[in-house]
Amino acid sequence: MSENPMEQFEIKRLLPIEVNGYDISFTNSALCMIISALAVVALFLLCLRKKSIVPTAAQCVPESAYEFIYNMMVENVGKEGLKYFSFIFTLFLFLCTGNLLGLFPYSFTFTSHVAAVGTLSLLALVLNICVGIKRQKWGYLHTFFPKGTPWPMAPLIVPIEVISLLSKPLSLTIRLAANMTVGHIILKVIAGFVVTICLVLGWLPLAFTCILIMFEIFIGILQAYVYTILSCIYLGDAFHSH
């Protein structure tokens with residue numbers, strides 16, 4: 001492993017590809033995205049290979065995740081939003097797996113990159129806008145100018161509401177990417193001193209590192225949850241006008 005804590009975030013070309021001057025190489029980031037998706041599919045296939053009315057311990061894993069996201073959507077979007085359940089469910093599992101995958105040696109945390117997370121955030125924004133227009137038609141414009149607002153306030157309110165809407169994917173992206181980056185840097189730096197400090201303090205630094213890894217696992221799951229619940233709240237705004 002490299003001693004540079006920032007090297008774990010470097011995108012490396014695994015299969016160089018260039019088309020008309022555009023670099024579309026297959027990178028370690030793309031590889032880890034594929035691994036994350038396949039890991040989720042494999043986990044669900046493994047846990048659900050023997051389904052029964054009384055769920056086994058393995059069957060409880062996907063069913064608990066399903067129920068967790070289902071309740072989250074009902075509470076924050078409403079039952080009418082369940083038609084988009086598959087998107088939110090996939091989003092949570094993909095981000096959660098990506099956060100945890102980065103904890104393995106020689107892996108890559110693609111959720112620490114603004115480009116990867118930002119693309120998902122923009123996709124969520126486009127979905128929200130399309131849902132809002134589909135359900136409210138011209139009434140969706142009240143998103144930028146709430147009912148009852150005096151018309152002379154329009155030059156001030158409309159730009160603020162537009163900026164507020166466009167800032168949603170930015171806030172989602174920066175929050176997740178920053179937390180993943182900082183957490184993995186701290187873990188890398190502290191782990192780099194373990195071997196040296198263990199010679200003086202024995203097993204204590206190693207135990208502290210294990211605790212730190214457990215905490216980072218918790219943070220990874222928590223950040224996926226925060227990202228998902230905020231996406232549900234924003235989706236709920238598209239269903240319900242001001």
# chains A, B, ... in the order shown; residues from 1 in each chain; ligands from 1
call {"tool": "residues_around", "arguments": {"residues": "Val182 in chain A", "least_positions_apart": "5", "cutoff": "9 Å", "atoms": "only C-alpha atoms", "output": "PyMOL selection string"}}
result
chain A and resi 112+177+187
call {"tool": "select_by_dssp", "arguments": {"residues": "range 35-196 of chain A", "states": "helix (DSSP H, G or I)", "output": "PyMOL selection string"}}
result
chain A and resi 35-47+57-76+79-101+110-112+114-143+151-196
call {"tool": "closest_residue", "arguments": {"among": "A:Leu101, A:Phe144, A:Ile229, A:Glu216", "to": "Asn71 in chain A", "atoms": "only C-alpha atoms"}}
result
A:Ile229
call {"tool": "residues_around", "arguments": {"residues": "Gly98 in chain A", "least_positions_apart": "4", "cutoff": "7 Å", "atoms": "only C-alpha atoms", "output": "ChimeraX atom specification"}}
result
/A:36,94,102,109-111
call {"tool": "atom_distance", "arguments": {"atom1": "CA of Lys147 in chain A", "atom2": "CA of Ser164 in chain A"}}
result
17.1 Å
